[in-house]
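> The structure follows.
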Amino acid sequence: MKLPFQRLLSAFALGLALAAPTVSQAAWPEKPITLIVPWAAGGSTDILARVLSEGLTQSLGQPVIVENRSGASGNIGTTFVARAKPDGYTLLVGSMSTHTMNQALYSNMPFDGVKDFTPIAELALVTNTMVVHPSVPASNLKEFIAYVKANPDAVAYASAGQGSTNHLSAALFEKAAGVKMMHIPYRGGAPAVLDTVAGRTQVLFSAGTQTLPHVQTNKLKLLAVTEDARSPFLPDVPTVAETLPGYELAVWYGAFGPAGMPPELTARLNREINLILKRPEVIKKMADMGVLLTETTPDQFGQILARDADKYGKLIKELGITAE
């Protein structure tokens with residue numbers, strides 16, 4: 001039986017043990033934080049990351065430095081974060097492609113998009129559009145599907161590469177509509193857009209950030225969006241699902257850390273990020289690019305991540321799509 005003084009010492013030691021993580025957590029961050037973007041600078045992902053960087057630098061009191069590590073469809077930068085210490089000093093702005101598609105597209109993946117990461121927050125949804133060249137004699141999806149069926153060798157769709165979201169969107173459309181089009185993969189989204197504008201390809205599924213400027217100048221025709229609901233930015237534009245029930249492909253961005261981050265640290269980052277995403281100037285800046293900011297808890301984002309990894313993994317294998 002312990003004497004009162006021994007019990008007091010034990011209680012004091014236990015109190016120190018329990019308090020230690022809290023003290024350590026309160027000290028974070030003690031040095032600059034690196035925010036990895038696994039694509040080149042200038043895209044909507046990079047712009048969003050730099051908005052977060054500025055806001056987190058202000059709220060956390062330490063520099064948050066954006067570092068672009070592009071290559072291999074986002075796998076290079078994403079692998080770097082997967083292998084980092086889960087101490088909150090190396091974070092990632094990733095997308096549904098790196099975390100829910102690449103696992104099924106590549107035979108030798110250096111990471112698991114679900115198991116090797118701590119989901120912090122879903123950041124945004126990007127309005128994903130279906131556009132055609134003005135020479136295509138169709139003003140809606142029904143007319144377009146009829147045209148493709150009547151001219152099976154006349155329609156080609158562009159993509160940013162084998163296994164890209166552009167490719168998956170179009171392959172899913174072919175399956176839902178019962179049509180077949182020619183796939184022309186490019187090395188990136190920019191040349192895919194330019195060749196569709198030039199009429200060398202007739203169809204493109206791509207983020208509105210890339211297509212809408214050309215729609216506004218009548219160089220492309222906007223037929224639909226690919227999400228399960230109409231975009232608040234394009235309320236008069238139907239979804240593909242209004243013609244082909246069940247069709248849906250939503251492109252999201254999210255914030256991640258390496259697997260094993262402390263829950264308290266994850267929760268703090270989630271709160272800080274959600275506060276930044278609620279700022280009116282941030283909402284407007286991203287809305288001007290067709291990007292809808294979202295708000296989730298880490299658990300909610302984790303559920304989205306697991307759901308989409310299962311959904312798109314099965315779909316990619318069913319359609320026989322590879323990136324190699």
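To be explicit about the labels: the chains of the structure tokens are called A, B, and onward in the order shown, and within each one the residues are counted from 1, while ligands get numbers from 1 in the order they are shown.
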Skipping near chain neighbours, those fewer than 3 positions away, what residues fall within 9 Å of range 194-197 of chain A using only C-alpha atoms, listed as a ChimeraX atom specification?

/A:131-134,157-158,189-191,200-204,214,219-220

> Can I get the selected residues back with N, CA and C atoms, as a PDB file, in the first residue's frame?


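To be explicit, this is the file written out as again.pdb:
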ATOM      1  N   VAL A 131     -16.927  20.533 -72.683  1.00  0.00           N
ATOM      2  CA  VAL A 131     -17.006  21.525 -73.757  1.00  0.00           C
ATOM      3  C   VAL A 131     -16.729  20.856 -75.094  1.00  0.00           C
ATOM      4  N   VAL A 132     -17.245  21.479 -76.150  1.00  0.00           N
ATOM      5  CA  VAL A 132     -17.002  20.990 -77.509  1.00  0.00           C
ATOM      6  C   VAL A 132     -16.585  22.162 -78.389  1.00  0.00           C
ATOM      7  N   HIS A 133     -15.938  21.832 -79.506  1.00  0.00           N
ATOM      8  CA  HIS A 133     -15.577  22.858 -80.484  1.00  0.00           C
ATOM      9  C   HIS A 133     -16.855  23.357 -81.169  1.00  0.00           C
ATOM     10  N   PRO A 134     -16.913  24.645 -81.515  1.00  0.00           N
ATOM     11  CA  PRO A 134     -18.126  25.191 -82.148  1.00  0.00           C
ATOM     12  C   PRO A 134     -18.555  24.478 -83.425  1.00  0.00           C
ATOM     13  N   TYR A 157     -11.642  13.157 -78.336  1.00  0.00           N
ATOM     14  CA  TYR A 157     -11.578  13.974 -77.119  1.00  0.00           C
ATOM     15  C   TYR A 157     -10.131  14.091 -76.651  1.00  0.00           C
ATOM     16  N   ALA A 158      -9.814  15.265 -76.130  1.00  0.00           N
ATOM     17  CA  ALA A 158      -8.469  15.540 -75.642  1.00  0.00           C
ATOM     18  C   ALA A 158      -8.402  15.277 -74.142  1.00  0.00           C
ATOM     19  N   GLY A 189      -2.659  19.795 -69.387  1.00  0.00           N
ATOM     20  CA  GLY A 189      -3.969  20.341 -69.714  1.00  0.00           C
ATOM     21  C   GLY A 189      -3.939  21.465 -70.736  1.00  0.00           C
ATOM     22  N   ALA A 190      -2.902  22.308 -70.696  1.00  0.00           N
ATOM     23  CA  ALA A 190      -2.855  23.472 -71.586  1.00  0.00           C
ATOM     24  C   ALA A 190      -2.894  23.087 -73.062  1.00  0.00           C
ATOM     25  N   PRO A 191      -2.054  22.156 -73.539  1.00  0.00           N
ATOM     26  CA  PRO A 191      -2.128  21.794 -74.954  1.00  0.00           C
ATOM     27  C   PRO A 191      -3.433  21.087 -75.323  1.00  0.00           C
ATOM     28  N   ARG A 200      -8.692  20.623 -83.532  1.00  0.00           N
ATOM     29  CA  ARG A 200      -8.004  19.363 -83.823  1.00  0.00           C
ATOM     30  C   ARG A 200      -8.588  18.207 -83.013  1.00  0.00           C
ATOM     31  N   THR A 201      -9.166  18.526 -81.871  1.00  0.00           N
ATOM     32  CA  THR A 201     -10.015  17.593 -81.132  1.00  0.00           C
ATOM     33  C   THR A 201     -11.354  18.282 -80.927  1.00  0.00           C
ATOM     34  N   GLN A 202     -12.399  17.487 -80.729  1.00  0.00           N
ATOM     35  CA  GLN A 202     -13.735  18.062 -80.704  1.00  0.00           C
ATOM     36  C   GLN A 202     -14.340  18.189 -79.302  1.00  0.00           C
ATOM     37  N   VAL A 203     -13.838  17.428 -78.345  1.00  0.00           N
ATOM     38  CA  VAL A 203     -14.453  17.384 -77.014  1.00  0.00           C
ATOM     39  C   VAL A 203     -13.373  17.435 -75.942  1.00  0.00           C
ATOM     40  N   LEU A 204     -13.714  18.054 -74.808  1.00  0.00           N
ATOM     41  CA  LEU A 204     -12.794  18.090 -73.684  1.00  0.00           C
ATOM     42  C   LEU A 204     -13.589  18.172 -72.386  1.00  0.00           C
ATOM     43  N   HIS A 214     -12.467  30.483 -72.738  1.00  0.00           N
ATOM     44  CA  HIS A 214     -12.702  30.225 -74.159  1.00  0.00           C
ATOM     45  C   HIS A 214     -14.195  30.113 -74.473  1.00  0.00           C
ATOM     46  N   LYS A 219     -15.147  30.427 -78.369  1.00  0.00           N
ATOM     47  CA  LYS A 219     -14.216  29.505 -79.018  1.00  0.00           C
ATOM     48  C   LYS A 219     -14.498  28.057 -78.635  1.00  0.00           C
ATOM     49  N   LEU A 220     -15.279  27.890 -77.567  1.00  0.00           N
ATOM     50  CA  LEU A 220     -15.747  26.579 -77.145  1.00  0.00           C
ATOM     51  C   LEU A 220     -17.206  26.682 -76.734  1.00  0.00           C
TER      52      LEU A 220
END

> Tell me, counting only C-alpha atoms, for each residue of range 252-323 of chain A within 9 Å of range 117-123 of chain A, which pair of atoms is nearest and how far apart they are in Å to one decimal, in rows ordered by chain and increasing number, as CSV.


residue,atom,partner,partner_atom,distance
A:Trp252,CA,A:Glu122,CA,7.3
A:Tyr253,CA,A:Leu123,CA,5.4
A:Gly254,CA,A:Glu122,CA,4.2
A:Ala255,CA,A:Ala121,CA,5.3
A:Phe256,CA,A:Pro119,CA,4.8
A:Gly257,CA,A:Thr118,CA,4.9
A:Pro258,CA,A:Phe117,CA,4.5
A:Ala259,CA,A:Phe117,CA,4.0
A:Gly260,CA,A:Thr118,CA,6.6
A:Met261,CA,A:Thr118,CA,6.4
A:Thr266,CA,A:Ile120,CA,5.9
A:Ala267,CA,A:Ile120,CA,7.5
A:Leu269,CA,A:Ile120,CA,7.0
A:Asn270,CA,A:Ile120,CA,5.6
A:Ile273,CA,A:Ala121,CA,7.6
A:Asn274,CA,A:Ala121,CA,7.9
A:Leu277,CA,A:Leu123,CA,7.7
A:Leu292,CA,A:Leu123,CA,8.6
A:Leu293,CA,A:Leu123,CA,5.9
A:Thr294,CA,A:Leu123,CA,5.5
A:Glu295,CA,A:Glu122,CA,6.6
A:Thr296,CA,A:Ala121,CA,5.8
A:Thr297,CA,A:Ala121,CA,6.2
A:Pro298,CA,A:Ile120,CA,4.8
A:Asp299,CA,A:Pro119,CA,7.7
A:Gln300,CA,A:Ala121,CA,8.2
A:Phe301,CA,A:Glu122,CA,5.6
A:Gly302,CA,A:Pro119,CA,5.6
A:Ile304,CA,A:Glu122,CA,8.6
A:Leu305,CA,A:Pro119,CA,8.0

> So which residues of range 196-258 of chain A fall under alpha helix (DSSP H) by DSSP, listed as a list in words?

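In range 196-258 of chain A, DSSP puts these residues in alpha helix (DSSP H): Thr196, Val197, Gly208, Thr209, Gln210, Thr211, Leu212, Pro213, His214, Val215 and Gln216 of chain A.
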
> Tell me, as a JSON list (two decimals) with C-alpha atoms, in the first residue's frame, which residues lie within 9 Å of range 72-74 of chain A, counting only C-alpha atoms; anything in the same chain fewer than 2 positions away does not count.


[["chain", "number", "residue", "atom", "x", "y", "z"],
["A", 37, "VAL", "CA", 2.18, 21.29, -54.01],
["A", 38, "PRO", "CA", 2.84, 18.27, -56.28],
["A", 39, "TRP", "CA", 2.34, 20.28, -59.49],
["A", 69, "ARG", "CA", 7.55, 19.32, -56.34],
["A", 70, "SER", "CA", 5.95, 18.35, -59.64],
["A", 76, "ILE", "CA", 6.78, 12.88, -56.66],
["A", 77, "GLY", "CA", 5.62, 15.62, -54.30],
["A", 78, "THR", "CA", 2.99, 13.40, -52.72],
["A", 79, "THR", "CA", 5.57, 10.69, -51.97],
["A", 94, "GLY", "CA", -3.32, 17.26, -52.97],
["A", 95, "SER", "CA", -6.26, 16.31, -55.14],
["A", 97, "SER", "CA", -6.31, 12.29, -58.62],
["A", 98, "THR", "CA", -3.25, 11.78, -56.42],
["A", 102, "ASN", "CA", -3.22, 6.99, -59.07],
["A", 164, "SER", "CA", -5.93, 11.99, -66.06]]

> May I ask which of the residues A:Asp288, A:Asn166, A:Leu52, A:Ala154 is the closest one to Gly199 in chain A, counting only C-alpha atoms?

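The shortest atom-to-atom distance to Gly199 in chain A comes from A:Ala154.
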
> Could you pull the residues within 6 Å of Leu35 in chain A, counting only C-alpha atoms, minus those fewer than 6 positions along the same chain, as a ChimeraX atom specification?

/A:65-66,91-92

> Store the residues picked out above in a file with C-alpha atoms, as a PDB file, in the first residue's frame.


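Produced file result_19.pdb, reproduced below:
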ATOM      1  CA  ILE A  65       6.417  28.080 -47.358  1.00  0.00           C
ATOM      2  CA  VAL A  66       4.896  26.670 -50.547  1.00  0.00           C
ATOM      3  CA  LEU A  91       1.981  19.290 -45.283  1.00  0.00           C
ATOM      4  CA  LEU A  92       0.406  18.734 -48.703  1.00  0.00           C
TER       5      LEU A  92
END

> Output as a VMD selection string all residues of range 13-149 of chain A that backbone DSSP marks as strand (DSSP E).

chain A and resid 33 to 37 64 to 68 90 to 95 117 to 126 128 to 132

> How would the residues just chosen look if you wrote them out with C-alpha atoms as a PDB file, in the first residue's frame?


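To be explicit, this is the file written out as part.pdb:
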ATOM      1  CA  ILE A  33       6.239  24.794 -42.133  1.00  0.00           C
ATOM      2  CA  THR A  34       6.583  23.455 -45.683  1.00  0.00           C
ATOM      3  CA  LEU A  35       3.417  23.152 -47.767  1.00  0.00           C
ATOM      4  CA  ILE A  36       4.059  20.857 -50.728  1.00  0.00           C
ATOM      5  CA  VAL A  37       2.182  21.289 -54.015  1.00  0.00           C
ATOM      6  CA  VAL A  64       4.386  28.553 -44.176  1.00  0.00           C
ATOM      7  CA  ILE A  65       6.417  28.080 -47.358  1.00  0.00           C
ATOM      8  CA  VAL A  66       4.896  26.670 -50.547  1.00  0.00           C
ATOM      9  CA  GLU A  67       7.220  24.279 -52.358  1.00  0.00           C
ATOM     10  CA  ASN A  68       6.339  22.915 -55.801  1.00  0.00           C
ATOM     11  CA  THR A  90       5.473  19.023 -43.788  1.00  0.00           C
ATOM     12  CA  LEU A  91       1.981  19.290 -45.283  1.00  0.00           C
ATOM     13  CA  LEU A  92       0.406  18.734 -48.703  1.00  0.00           C
ATOM     14  CA  VAL A  93      -2.246  20.258 -50.905  1.00  0.00           C
ATOM     15  CA  GLY A  94      -3.320  17.259 -52.972  1.00  0.00           C
ATOM     16  CA  SER A  95      -6.258  16.310 -55.143  1.00  0.00           C
ATOM     17  CA  PHE A 117      -1.804  10.217 -45.062  1.00  0.00           C
ATOM     18  CA  THR A 118      -3.670  12.101 -42.367  1.00  0.00           C
ATOM     19  CA  PRO A 119      -6.681  13.864 -43.922  1.00  0.00           C
ATOM     20  CA  ILE A 120      -6.862  17.404 -42.521  1.00  0.00           C
ATOM     21  CA  ALA A 121      -9.583  19.146 -44.551  1.00  0.00           C
ATOM     22  CA  GLU A 122     -11.265  19.096 -47.912  1.00  0.00           C
ATOM     23  CA  LEU A 123     -10.503  22.502 -49.380  1.00  0.00           C
ATOM     24  CA  ALA A 124     -12.505  22.980 -52.550  1.00  0.00           C
ATOM     25  CA  LEU A 125     -14.446  21.559 -55.455  1.00  0.00           C
ATOM     26  CA  VAL A 126     -13.440  22.560 -58.968  1.00  0.00           C
ATOM     27  CA  ASN A 128     -15.497  20.322 -64.097  1.00  0.00           C
ATOM     28  CA  THR A 129     -16.922  21.126 -67.526  1.00  0.00           C
ATOM     29  CA  MET A 130     -17.731  19.318 -70.750  1.00  0.00           C
ATOM     30  CA  VAL A 131     -17.006  21.525 -73.757  1.00  0.00           C
ATOM     31  CA  VAL A 132     -17.002  20.990 -77.509  1.00  0.00           C
TER      32      VAL A 132
END

> Pick from A:Ile283, A:Thr243, A:Ala104, A:Ala27: nearest to Glu318 in chain A, with only C-alpha atoms counted?

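Ranking A:Ile283, A:Thr243, A:Ala104, A:Ala27 by distance to Glu318 in chain A, first place goes to A:Ala104.
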
> As an exercise, work out the distance from CA of Val148 in chain A to CA of Ala323 in chain A in Å and give it to one decimal place.

25.6 Å

> Nearest to Thr322 in chain A: which of A:Lys149, A:His167, A:Lys221, A:Arg307 is it, counting only C-alpha atoms?

A:His167

> When you look at Ile316 in chain A with a cut-off of 10 Å (counting only C-alpha atoms), what residues show up, excluding the ones that are within fewer than 2 positions of it in the same chain? I need them as a ChimeraX atom specification.

/A:101-105,163,168,171-172,311-314,318-322

> Between CA of Thr226 in chain A and CA of Ile276 in chain A, what is the distance in Å, rounded to a tenth?

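Going from CA of Thr226 in chain A over to CA of Ile276 in chain A covers 27.2 Å.
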
> Considering only C-alpha atoms, state which residue in the set A:Ala306, A:Lys284, A:Gly161, A:Ala40 is at the smallest distance from Thr100 in chain A.

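When distances to Thr100 in chain A are compared using only C-alpha atoms, the smallest one comes from A:Ala306.
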